[in-house]
Amino acid sequence: MSISSTVRRIQDIMRKDPGVDGDAQRVAQLAWIIFLKVFDSYEQSAGTSVLPSALQWSTWTKEHHDVTGDRLIRFVNDHLFPGLRSLKPSSDRATLVSQAFQETTNYMRSGSLLREVIGLLEREVDFDPSGARFVIGDIYEKMLGDLQSAGNAGEFYTPRPIVDFAVEMVNPKAGERFLDFACGVGGFLVSGLKRMSEGTSPGSAAFRRALLGVSGVEKKALPHFLCITNLLLHGLDRPGAVSLDNLLTRQIHSFSSGDKVDVICTNPPFGGAEEEAVYQKFPDGLRSRETADLFVLLMMHLLRDGGRAAVVLPDGFLFGAGAKARIRQLLLSTCDVHTIVRIPKGAFNPYTGIATNILFLTKGRPTDHVWYYEHKYPVGQGSYSKTRPLRAEEFDPIRRWWTDRQETESAWLVERKALEACSLNLDQRNPFVERKRKINPTARVRKYHRLREDISQKCQSLRTALVDSFATDRLPILLDHLELMVSDSVGISSLRELVLSLAMSGHVKSGGPAIGEWPGELLAIDSVSPKTRSGLPKHWRVMRLDQLGEIVGGSTPSASDESNFAEEGGVPWLTPSDLYGHRSKWIDRGRRNLTQKGLSSCSAKVIPKGSVLFSTRAPIGYVAMAANPLSTNQGFKSVVPKVKEMSEFIYYFLLAERKLIESRASGTTFKEVPSRDMRAITVPVPPLVEQQTIVATLDRLMALCDDLEIAANESRSEHAALIENLAGYVGAR
């Protein structure tokens with residue numbers, strides 16, 4: 001069940017309680033309940049607790065299972081809350097809990113209803129850290145929808161793709177100070193922490209160093225409480241890491257050099273207004289009532305020279321007059337605003353439909369020129385919505401452009417002189433779009449029709465290949481609806497999954513080789529009961545994955561010791577992030593290599609060419625084959641086949657089964673597929689010659705799917721451009 005649905009059911013239960021008055025109290029009630037559940041999960045993973053046994057979630061929610069009504073409410077009000085508030089500051093965790101509950105209230109009066117809420121949360125919400133930020137964010141997003149005043153106050157939930165892209169581009173490193181002074185539920189902080197601690201192990205000195213660099217400020221109690229919860233899930237239990245405060249209320253010149261930071265990533269509230277006592281604290285001529293403007297001034301002041309920032313701002317900041325114009329002038333004089341990524345309307349739906357921008361800058365040198373990149377809606381999509389939101393992969397073209405900047409239909413350069421000629425107006429429109437809109441569309445119409453004909457031909461080639469490849473009564477239905485299925489990337493992805501499923505269940509046309517053609521290494525192994533895999537050809541066998549090959553984990557050397565890593569040479573070392581967006585079957589290296597010292601200092605092993613890599617730890621399900629000897633971190637459990645000729649069959653099997661394998665993941669600190677579960681995966685195994693037929697068939701069909709996807713994407717892109725061209729050409733006449 002979705003988070004939104006679960007939160008709605010919990011709030012429906014709370015509406016029956018006479019002590020909870022309105023949405024604000026309902027979400028505050030849910031916040032402290034969530035915190036205690038998350039804190040208990042965190043302590044279980046740590047192996048120790050700072051709470052007395054009676055106050056631990058896993059104790060009182062279980063031991064009082066039969067206790068409802070007044071007895072449960074008396075326990076919460078008279079024992080639980082007082083006990084949490086009065087915890088002695090014996091550790092950071094104890095201090096964190098004590099501070100969090102000083103101003104927290106239990107509004108519920110019905111113990112039976114409170115018991116229902118606890119039971120529902122226990123059954124339906126998983127706070128595993130690998131997806132915890134998403135869960136917390138989803139809960140907060142639902143809460144914002146319930147608090148009708150949230151949008152009017154300028155408080156918006158920042159889409160995860162924007163958060164992760166912004167943090168990735170400023171690239172915070174361990175040892176740097178990372179700040180979000182309007183942090184909400186902590187999305188930027190968690191993303192920054194993940195980036196700064198990449199390649200480290202929880203509990204290591206390098207991981208603790210990253211934790212010490214992260215800090216945030218949030219002025220509202222509810223998101224502050226949820227932010228503490230969110231960071232706790234990711235290992236940050238330092239009291240004061242996130243302050244309940246509003247830095248705008250301080251005199252801007254009261255900040256000392258010790259307050260300056262290396263990196264700021266933030267989405268300051270826009271649309272909200274500050275009271276006079278707040279904006280009067282800023283220098284004359286720069287005073288603005290709008291919250292976002294004041295946060296830009298604060299950002300300039302808190303960044304050290306050489307510091308980097310990514311800040312999300314509305315279009316109005318780019319062209320506004322008065323104080324906004326003077327703030328822009330100061331910004332461009334003291335910072336190098338090197339890149340502005342323009343986000344189209346609707347990315348923040350349902351809170352606001354206005355267009356936004358991500359400004360990337362470096363403090364300490366003036367702006368000489370600005371690169372603009374116009375992020376466009378996906379092909380065939382004219383807006384964003386709850387069911388069609390902004391997706392992470394949409395930023396991939398910008399990532400590729402970032403390190404090799406050239407003017408394109410989406411990117412353009414504006415010199416400082418051109419900005420000065422229009423009073424430093426940063427609202428610079430895409431010149432390529434304006435030119436294209438006035439071009440006669442006749443040639444574009446012909447091109448679009450050629451692309452559609454190409455897609456029809458590719459569909460026919462795929463249809464013929466499917467008929468030649470599979471023997472199943474399910475095929476006619478697929479063939480009848482093939483063009484509909486390949487109409488978008490989601491459909492083509494589903495088609496790939498279906499093709500893999502048919503191949504791995506014995507439907508590839510084959511001559512049925514004899515048993516004698518089994519490799520000797522496998523003939524000596526007893527099969528698993530065929531009941532674990534029903535519907536297979538009778539001559540196939542069923543084996544455990546560890547019978548087919550050795551399951552090899554990985555490891556990470558100390559990230560704080562630079563001698564563990566090689567700039568050139570060394571042993572290629574991969575993490576799951578190296579497979580993000582990787583489409584090829586083979587991979588030869590990641591972003592980093594290990595020296596022999598680094599390899600010897602940890603438990604990582606060099607696995608041979610042909611080994612099959614499978615990511616089993618956040619994110620789960622990336623699959624590739626080693627093109628040469630290499631090593632991995634602990635995010636993989638790789639298969640080194642006993643029979644090297646089986647490598648590609650095992651690759652396709654894991655590709656087909658990755659969703660099922662992911663469903664077996666567990667864990668409290670990180671969601672992960674345990675080694676024992678990986679070893680116990682059952683594999684349908686045909687004779688070797690038949691395996692080779694299946695691999696050749698899948699190679700051919702996957703290549704056809706790839707070609708079709710490229711053509712379909714180009715056609716959708718050309719269709720969108722054609723519509724725009726037609727409208728612009730007719731309108732310009």
# chains A, B, ... in the order shown; residues from 1 in each chain; ligands from 1
$ select_by_dssp --residues "region 220-308 of chain A" --states "strand (DSSP E)" --output "list in words"
Val242, Ser243, Leu244, Val261, Asp262, Val263, Ile264, Cys265, Thr266, Leu303, Arg304, Asp305, Gly306, Gly307 and Arg308 of chain A
$ residues_around --residues "Leu96 (chain A)" --least-positions-apart "3" --cutoff "6 Å" --atoms "only C-alpha atoms" --output "ChimeraX atom specification"
/A:93,99,239
$ write_last_selection --atoms "N, CA and C atoms" --output "PDB file, in the first residue's frame"
ATOM      1  N   ARG A  93      23.046  10.440  21.475  1.00  0.00           N
ATOM      2  CA  ARG A  93      21.705   9.942  21.200  1.00  0.00           C
ATOM      3  C   ARG A  93      20.728  10.327  22.297  1.00  0.00           C
ATOM      4  N   GLN A  99      16.172  16.508  23.796  1.00  0.00           N
ATOM      5  CA  GLN A  99      15.885  17.797  23.175  1.00  0.00           C
ATOM      6  C   GLN A  99      14.659  17.722  22.275  1.00  0.00           C
ATOM      7  N   PRO A 239      23.513  15.862  18.331  1.00  0.00           N
ATOM      8  CA  PRO A 239      22.634  16.957  18.746  1.00  0.00           C
ATOM      9  C   PRO A 239      23.114  18.280  18.160  1.00  0.00           C
TER      10      PRO A 239
END
$ closest_residue --among "A:Thr693, A:Ser110, A:Gly199, A:Leu419" --to "Trp573 (chain A)" --atoms "only C-alpha atoms"
A:Gly199
$ select_by_dssp --residues "region 547-608 of chain A" --states "alpha helix (DSSP H)" --output "PDB file with all heavy atoms, in the first residue's frame"
ATOM      1  N   GLN A 547      25.776 -23.266  -6.676  1.00  0.00           N
ATOM      2  CA  GLN A 547      26.257 -24.478  -7.327  1.00  0.00           C
ATOM      3  C   GLN A 547      26.848 -24.173  -8.706  1.00  0.00           C
ATOM      4  O   GLN A 547      27.680 -24.917  -9.221  1.00  0.00           O
ATOM      5  CB  GLN A 547      25.112 -25.484  -7.482  1.00  0.00           C
ATOM      6  CG  GLN A 547      24.631 -26.070  -6.146  1.00  0.00           C
ATOM      7  CD  GLN A 547      23.460 -27.007  -6.339  1.00  0.00           C
ATOM      8  OE1 GLN A 547      22.512 -26.696  -7.070  1.00  0.00           O
ATOM      9  NE2 GLN A 547      23.513 -28.171  -5.699  1.00  0.00           N
ATOM     10  N   LEU A 548      26.400 -23.054  -9.270  1.00  0.00           N
ATOM     11  CA  LEU A 548      26.868 -22.675 -10.606  1.00  0.00           C
ATOM     12  C   LEU A 548      28.118 -21.815 -10.560  1.00  0.00           C
ATOM     13  O   LEU A 548      28.823 -21.682 -11.560  1.00  0.00           O
ATOM     14  CB  LEU A 548      25.764 -21.923 -11.349  1.00  0.00           C
ATOM     15  CG  LEU A 548      24.451 -22.678 -11.562  1.00  0.00           C
ATOM     16  CD1 LEU A 548      23.458 -21.797 -12.289  1.00  0.00           C
ATOM     17  CD2 LEU A 548      24.699 -23.965 -12.342  1.00  0.00           C
ATOM     18  N   GLN A 596      47.563  -1.649  -5.128  1.00  0.00           N
ATOM     19  CA  GLN A 596      47.744  -2.938  -4.459  1.00  0.00           C
ATOM     20  C   GLN A 596      47.634  -2.773  -2.949  1.00  0.00           C
ATOM     21  O   GLN A 596      47.115  -3.652  -2.264  1.00  0.00           O
ATOM     22  CB  GLN A 596      49.105  -3.531  -4.843  1.00  0.00           C
ATOM     23  CG  GLN A 596      49.149  -4.115  -6.245  1.00  0.00           C
ATOM     24  CD  GLN A 596      48.144  -5.248  -6.424  1.00  0.00           C
ATOM     25  OE1 GLN A 596      47.919  -6.064  -5.525  1.00  0.00           O
ATOM     26  NE2 GLN A 596      47.516  -5.293  -7.602  1.00  0.00           N
ATOM     27  N   LYS A 597      48.107  -1.641  -2.438  1.00  0.00           N
ATOM     28  CA  LYS A 597      47.982  -1.376  -0.999  1.00  0.00           C
ATOM     29  C   LYS A 597      46.509  -1.293  -0.598  1.00  0.00           C
ATOM     30  O   LYS A 597      46.084  -1.876   0.411  1.00  0.00           O
ATOM     31  CB  LYS A 597      48.688  -0.065  -0.649  1.00  0.00           C
ATOM     32  CG  LYS A 597      48.526   0.377   0.810  1.00  0.00           C
ATOM     33  CD  LYS A 597      49.247   1.692   1.055  1.00  0.00           C
ATOM     34  CE  LYS A 597      49.046   2.162   2.501  1.00  0.00           C
ATOM     35  NZ  LYS A 597      47.652   2.462   2.815  1.00  0.00           N
ATOM     36  N   GLY A 598      45.725  -0.578  -1.402  1.00  0.00           N
ATOM     37  CA  GLY A 598      44.306  -0.452  -1.104  1.00  0.00           C
ATOM     38  C   GLY A 598      43.592  -1.782  -1.168  1.00  0.00           C
ATOM     39  O   GLY A 598      42.731  -2.093  -0.337  1.00  0.00           O
ATOM     40  N   LEU A 599      43.965  -2.598  -2.154  1.00  0.00           N
ATOM     41  CA  LEU A 599      43.348  -3.918  -2.295  1.00  0.00           C
ATOM     42  C   LEU A 599      43.704  -4.813  -1.113  1.00  0.00           C
ATOM     43  O   LEU A 599      42.857  -5.544  -0.583  1.00  0.00           O
ATOM     44  CB  LEU A 599      43.807  -4.545  -3.607  1.00  0.00           C
ATOM     45  CG  LEU A 599      43.093  -5.817  -4.063  1.00  0.00           C
ATOM     46  CD1 LEU A 599      41.630  -5.537  -4.366  1.00  0.00           C
ATOM     47  CD2 LEU A 599      43.777  -6.382  -5.302  1.00  0.00           C
ATOM     48  N   SER A 600      44.959  -4.746  -0.671  1.00  0.00           N
ATOM     49  CA  SER A 600      45.415  -5.595   0.433  1.00  0.00           C
ATOM     50  C   SER A 600      44.841  -5.152   1.776  1.00  0.00           C
ATOM     51  O   SER A 600      44.739  -5.959   2.712  1.00  0.00           O
ATOM     52  CB  SER A 600      46.947  -5.568   0.514  1.00  0.00           C
ATOM     53  OG  SER A 600      47.525  -6.016  -0.692  1.00  0.00           O
TER      54      SER A 600
END
$ residues_around --residues "region 717-719 of chain A" --least-positions-apart "2" --cutoff "8 Å" --atoms "only C-alpha atoms" --output "list in words"
Val379, Gly380, Arg444, Tyr448, Asn713, Glu714, Ser715, Ala721, Leu722 and Ile723 of chain A
$ write_last_selection --atoms "all heavy atoms" --output "PDB file, in the first residue's frame"
ATOM      1  N   VAL A 379       9.661  13.705 -23.802  1.00  0.00           N
ATOM      2  CA  VAL A 379       8.981  13.655 -25.090  1.00  0.00           C
ATOM      3  C   VAL A 379       7.568  13.112 -24.915  1.00  0.00           C
ATOM      4  O   VAL A 379       7.356  12.100 -24.241  1.00  0.00           O
ATOM      5  CB  VAL A 379       9.772  12.766 -26.075  1.00  0.00           C
ATOM      6  CG1 VAL A 379       9.017  12.620 -27.382  1.00  0.00           C
ATOM      7  CG2 VAL A 379      11.147  13.362 -26.313  1.00  0.00           C
ATOM      8  N   GLY A 380       6.614  13.810 -25.500  1.00  0.00           N
ATOM      9  CA  GLY A 380       5.224  13.388 -25.411  1.00  0.00           C
ATOM     10  C   GLY A 380       4.527  13.813 -24.140  1.00  0.00           C
ATOM     11  O   GLY A 380       3.377  13.451 -23.907  1.00  0.00           O
ATOM     12  N   ARG A 444      10.507  19.527 -41.578  1.00  0.00           N
ATOM     13  CA  ARG A 444      10.368  18.800 -40.311  1.00  0.00           C
ATOM     14  C   ARG A 444       9.217  17.793 -40.390  1.00  0.00           C
ATOM     15  O   ARG A 444       9.304  16.698 -39.816  1.00  0.00           O
ATOM     16  CB  ARG A 444      10.152  19.798 -39.182  1.00  0.00           C
ATOM     17  CG  ARG A 444       9.879  19.181 -37.841  1.00  0.00           C
ATOM     18  CD  ARG A 444      10.336  20.068 -36.708  1.00  0.00           C
ATOM     19  NE  ARG A 444      11.676  19.725 -36.286  1.00  0.00           N
ATOM     20  CZ  ARG A 444      12.497  20.542 -35.652  1.00  0.00           C
ATOM     21  NH1 ARG A 444      12.129  21.777 -35.399  1.00  0.00           N
ATOM     22  NH2 ARG A 444      13.691  20.151 -35.274  1.00  0.00           N
ATOM     23  N   TYR A 448       9.618  13.795 -39.749  1.00  0.00           N
ATOM     24  CA  TYR A 448       8.799  13.065 -38.774  1.00  0.00           C
ATOM     25  C   TYR A 448       8.168  11.829 -39.418  1.00  0.00           C
ATOM     26  O   TYR A 448       8.157  10.739 -38.830  1.00  0.00           O
ATOM     27  CB  TYR A 448       7.723  13.985 -38.201  1.00  0.00           C
ATOM     28  CG  TYR A 448       6.765  13.266 -37.278  1.00  0.00           C
ATOM     29  CD1 TYR A 448       7.189  12.805 -36.026  1.00  0.00           C
ATOM     30  CD2 TYR A 448       5.456  13.023 -37.668  1.00  0.00           C
ATOM     31  CE1 TYR A 448       6.316  12.131 -35.184  1.00  0.00           C
ATOM     32  CE2 TYR A 448       4.575  12.354 -36.829  1.00  0.00           C
ATOM     33  CZ  TYR A 448       5.015  11.903 -35.593  1.00  0.00           C
ATOM     34  OH  TYR A 448       4.153  11.234 -34.761  1.00  0.00           O
ATOM     35  N   ASN A 713      12.164   7.245 -29.189  1.00  0.00           N
ATOM     36  CA  ASN A 713      12.495   8.480 -28.465  1.00  0.00           C
ATOM     37  C   ASN A 713      12.735   9.634 -29.443  1.00  0.00           C
ATOM     38  O   ASN A 713      12.287  10.765 -29.213  1.00  0.00           O
ATOM     39  CB  ASN A 713      13.732   8.272 -27.596  1.00  0.00           C
ATOM     40  CG  ASN A 713      13.442   7.440 -26.367  1.00  0.00           C
ATOM     41  OD1 ASN A 713      12.288   7.303 -25.951  1.00  0.00           O
ATOM     42  ND2 ASN A 713      14.473   6.858 -25.783  1.00  0.00           N
ATOM     43  N   GLU A 714      13.448   9.345 -30.528  1.00  0.00           N
ATOM     44  CA  GLU A 714      13.709  10.387 -31.516  1.00  0.00           C
ATOM     45  C   GLU A 714      12.407  10.846 -32.169  1.00  0.00           C
ATOM     46  O   GLU A 714      12.201  12.041 -32.412  1.00  0.00           O
ATOM     47  CB  GLU A 714      14.685   9.870 -32.586  1.00  0.00           C
ATOM     48  CG  GLU A 714      15.118  10.953 -33.566  1.00  0.00           C
ATOM     49  CD  GLU A 714      16.117  10.457 -34.598  1.00  0.00           C
ATOM     50  OE1 GLU A 714      16.474   9.252 -34.544  1.00  0.00           O
ATOM     51  OE2 GLU A 714      16.518  11.261 -35.452  1.00  0.00           O
ATOM     52  N   SER A 715      11.517   9.908 -32.429  1.00  0.00           N
ATOM     53  CA  SER A 715      10.242  10.261 -33.045  1.00  0.00           C
ATOM     54  C   SER A 715       9.403  11.138 -32.115  1.00  0.00           C
ATOM     55  O   SER A 715       8.811  12.127 -32.549  1.00  0.00           O
ATOM     56  CB  SER A 715       9.470   8.987 -33.400  1.00  0.00           C
ATOM     57  OG  SER A 715       8.169   9.297 -33.838  1.00  0.00           O
ATOM     58  N   ALA A 721       8.829  18.810 -31.186  1.00  0.00           N
ATOM     59  CA  ALA A 721       9.444  19.960 -31.854  1.00  0.00           C
ATOM     60  C   ALA A 721       8.596  20.415 -33.038  1.00  0.00           C
ATOM     61  O   ALA A 721       8.484  21.618 -33.319  1.00  0.00           O
ATOM     62  CB  ALA A 721      10.851  19.595 -32.314  1.00  0.00           C
ATOM     63  N   LEU A 722       7.994  19.467 -33.742  1.00  0.00           N
ATOM     64  CA  LEU A 722       7.153  19.799 -34.889  1.00  0.00           C
ATOM     65  C   LEU A 722       5.929  20.601 -34.459  1.00  0.00           C
ATOM     66  O   LEU A 722       5.564  21.597 -35.095  1.00  0.00           O
ATOM     67  CB  LEU A 722       6.726  18.513 -35.601  1.00  0.00           C
ATOM     68  CG  LEU A 722       5.716  18.660 -36.757  1.00  0.00           C
ATOM     69  CD1 LEU A 722       6.272  19.572 -37.839  1.00  0.00           C
ATOM     70  CD2 LEU A 722       5.363  17.290 -37.321  1.00  0.00           C
ATOM     71  N   ILE A 723       5.283  20.182 -33.380  1.00  0.00           N
ATOM     72  CA  ILE A 723       4.112  20.913 -32.874  1.00  0.00           C
ATOM     73  C   ILE A 723       4.499  22.341 -32.504  1.00  0.00           C
ATOM     74  O   ILE A 723       3.813  23.309 -32.851  1.00  0.00           O
ATOM     75  CB  ILE A 723       3.512  20.187 -31.659  1.00  0.00           C
ATOM     76  CG1 ILE A 723       2.994  18.796 -32.060  1.00  0.00           C
ATOM     77  CG2 ILE A 723       2.398  21.013 -31.037  1.00  0.00           C
ATOM     78  CD1 ILE A 723       1.932  18.810 -33.123  1.00  0.00           C
TER      79      ILE A 723
END
$ residues_around --residues "Pro314 (chain A)" --least-positions-apart "2" --cutoff "7 Å" --atoms "only C-alpha atoms" --output "ChimeraX atom specification"
/A:316-317,355-357
$ write_last_selection --atoms "N, CA, C and O atoms" --output "PDB file, in the first residue's frame"
ATOM      1  N   GLY A 316      11.005  34.773 -10.773  1.00  0.00           N
ATOM      2  CA  GLY A 316      10.917  36.167 -10.348  1.00  0.00           C
ATOM      3  C   GLY A 316      12.221  36.741  -9.852  1.00  0.00           C
ATOM      4  O   GLY A 316      12.486  37.944 -10.017  1.00  0.00           O
ATOM      5  N   PHE A 317      13.071  35.912  -9.254  1.00  0.00           N
ATOM      6  CA  PHE A 317      14.355  36.414  -8.779  1.00  0.00           C
ATOM      7  C   PHE A 317      15.245  36.837  -9.936  1.00  0.00           C
ATOM      8  O   PHE A 317      16.059  37.755  -9.811  1.00  0.00           O
ATOM      9  N   ALA A 355       7.565  28.234 -12.805  1.00  0.00           N
ATOM     10  CA  ALA A 355       8.857  27.725 -13.279  1.00  0.00           C
ATOM     11  C   ALA A 355       9.942  28.085 -12.271  1.00  0.00           C
ATOM     12  O   ALA A 355       9.880  29.126 -11.613  1.00  0.00           O
ATOM     13  N   THR A 356      10.933  27.224 -12.147  1.00  0.00           N
ATOM     14  CA  THR A 356      12.018  27.440 -11.186  1.00  0.00           C
ATOM     15  C   THR A 356      13.364  27.277 -11.876  1.00  0.00           C
ATOM     16  O   THR A 356      13.443  26.893 -13.044  1.00  0.00           O
ATOM     17  N   ASN A 357      14.415  27.579 -11.128  1.00  0.00           N
ATOM     18  CA  ASN A 357      15.770  27.519 -11.661  1.00  0.00           C
ATOM     19  C   ASN A 357      16.712  27.000 -10.583  1.00  0.00           C
ATOM     20  O   ASN A 357      16.494  27.237  -9.396  1.00  0.00           O
TER      21      ASN A 357
END
$ residues_around --residues "Asn564 (chain A)" --least-positions-apart "3" --cutoff "10 Å" --atoms "only C-alpha atoms" --output "ChimeraX atom specification"
/A:556-561,570,593-602
$ decode --residues "region 654-674 of chain A" --atoms "N, CA and C atoms" --output "short mmCIF file (atom, residue, chain, number, x, y, z; two decimals), in the first residue's frame"
data_model
loop_
_atom_site.label_atom_id
_atom_site.label_comp_id
_atom_site.auth_asym_id
_atom_site.auth_seq_id
_atom_site.Cartn_x
_atom_site.Cartn_y
_atom_site.Cartn_z
N LEU A 654 20.02 -13.32 -14.12
CA LEU A 654 19.96 -12.30 -13.05
C LEU A 654 19.21 -11.06 -13.53
N LEU A 655 19.36 -10.72 -14.80
CA LEU A 655 18.62 -9.59 -15.36
C LEU A 655 17.12 -9.87 -15.31
N ALA A 656 16.75 -11.11 -15.61
CA ALA A 656 15.33 -11.49 -15.60
C ALA A 656 14.76 -11.55 -14.19
N GLU A 657 15.59 -11.90 -13.21
CA GLU A 657 15.10 -12.15 -11.86
C GLU A 657 15.33 -10.98 -10.90
N ARG A 658 15.83 -9.84 -11.37
CA ARG A 658 16.29 -8.82 -10.43
C ARG A 658 15.18 -8.27 -9.55
N LYS A 659 13.96 -8.15 -10.07
CA LYS A 659 12.87 -7.65 -9.22
C LYS A 659 12.54 -8.64 -8.11
N LEU A 660 12.54 -9.92 -8.45
CA LEU A 660 12.27 -10.95 -7.44
C LEU A 660 13.38 -10.98 -6.40
N ILE A 661 14.64 -10.84 -6.85
CA ILE A 661 15.76 -10.83 -5.92
C ILE A 661 15.68 -9.62 -5.00
N GLU A 662 15.31 -8.47 -5.56
CA GLU A 662 15.20 -7.26 -4.74
C GLU A 662 14.15 -7.42 -3.65
N SER A 663 13.10 -8.18 -3.93
CA SER A 663 12.05 -8.38 -2.93
C SER A 663 12.54 -9.16 -1.72
N ARG A 664 13.70 -9.83 -1.84
CA ARG A 664 14.26 -10.59 -0.72
C ARG A 664 15.16 -9.75 0.17
N ALA A 665 15.36 -8.49 -0.20
CA ALA A 665 16.26 -7.63 0.57
C ALA A 665 15.71 -7.38 1.96
N SER A 666 16.61 -7.22 2.91
CA SER A 666 16.23 -6.94 4.29
C SER A 666 17.33 -6.12 4.93
N GLY A 667 17.13 -5.77 6.18
CA GLY A 667 18.16 -5.03 6.90
C GLY A 667 17.62 -3.77 7.53
N THR A 668 18.28 -3.31 8.58
CA THR A 668 17.85 -2.11 9.28
C THR A 668 18.74 -0.92 8.98
N THR A 669 20.04 -1.14 8.84
CA THR A 669 20.93 -0.03 8.52
C THR A 669 20.94 0.23 7.02
N PHE A 670 21.09 -0.82 6.21
CA PHE A 670 21.00 -0.71 4.76
C PHE A 670 20.15 -1.88 4.26
N LYS A 671 19.29 -1.59 3.31
CA LYS A 671 18.50 -2.66 2.70
C LYS A 671 19.41 -3.43 1.77
N GLU A 672 19.51 -4.74 1.97
CA GLU A 672 20.50 -5.53 1.26
C GLU A 672 20.00 -6.95 1.09
N VAL A 673 20.41 -7.58 -0.02
CA VAL A 673 20.13 -9.00 -0.23
C VAL A 673 21.22 -9.79 0.49
N PRO A 674 20.88 -10.54 1.53
CA PRO A 674 21.91 -11.29 2.27
C PRO A 674 22.61 -12.32 1.40
#
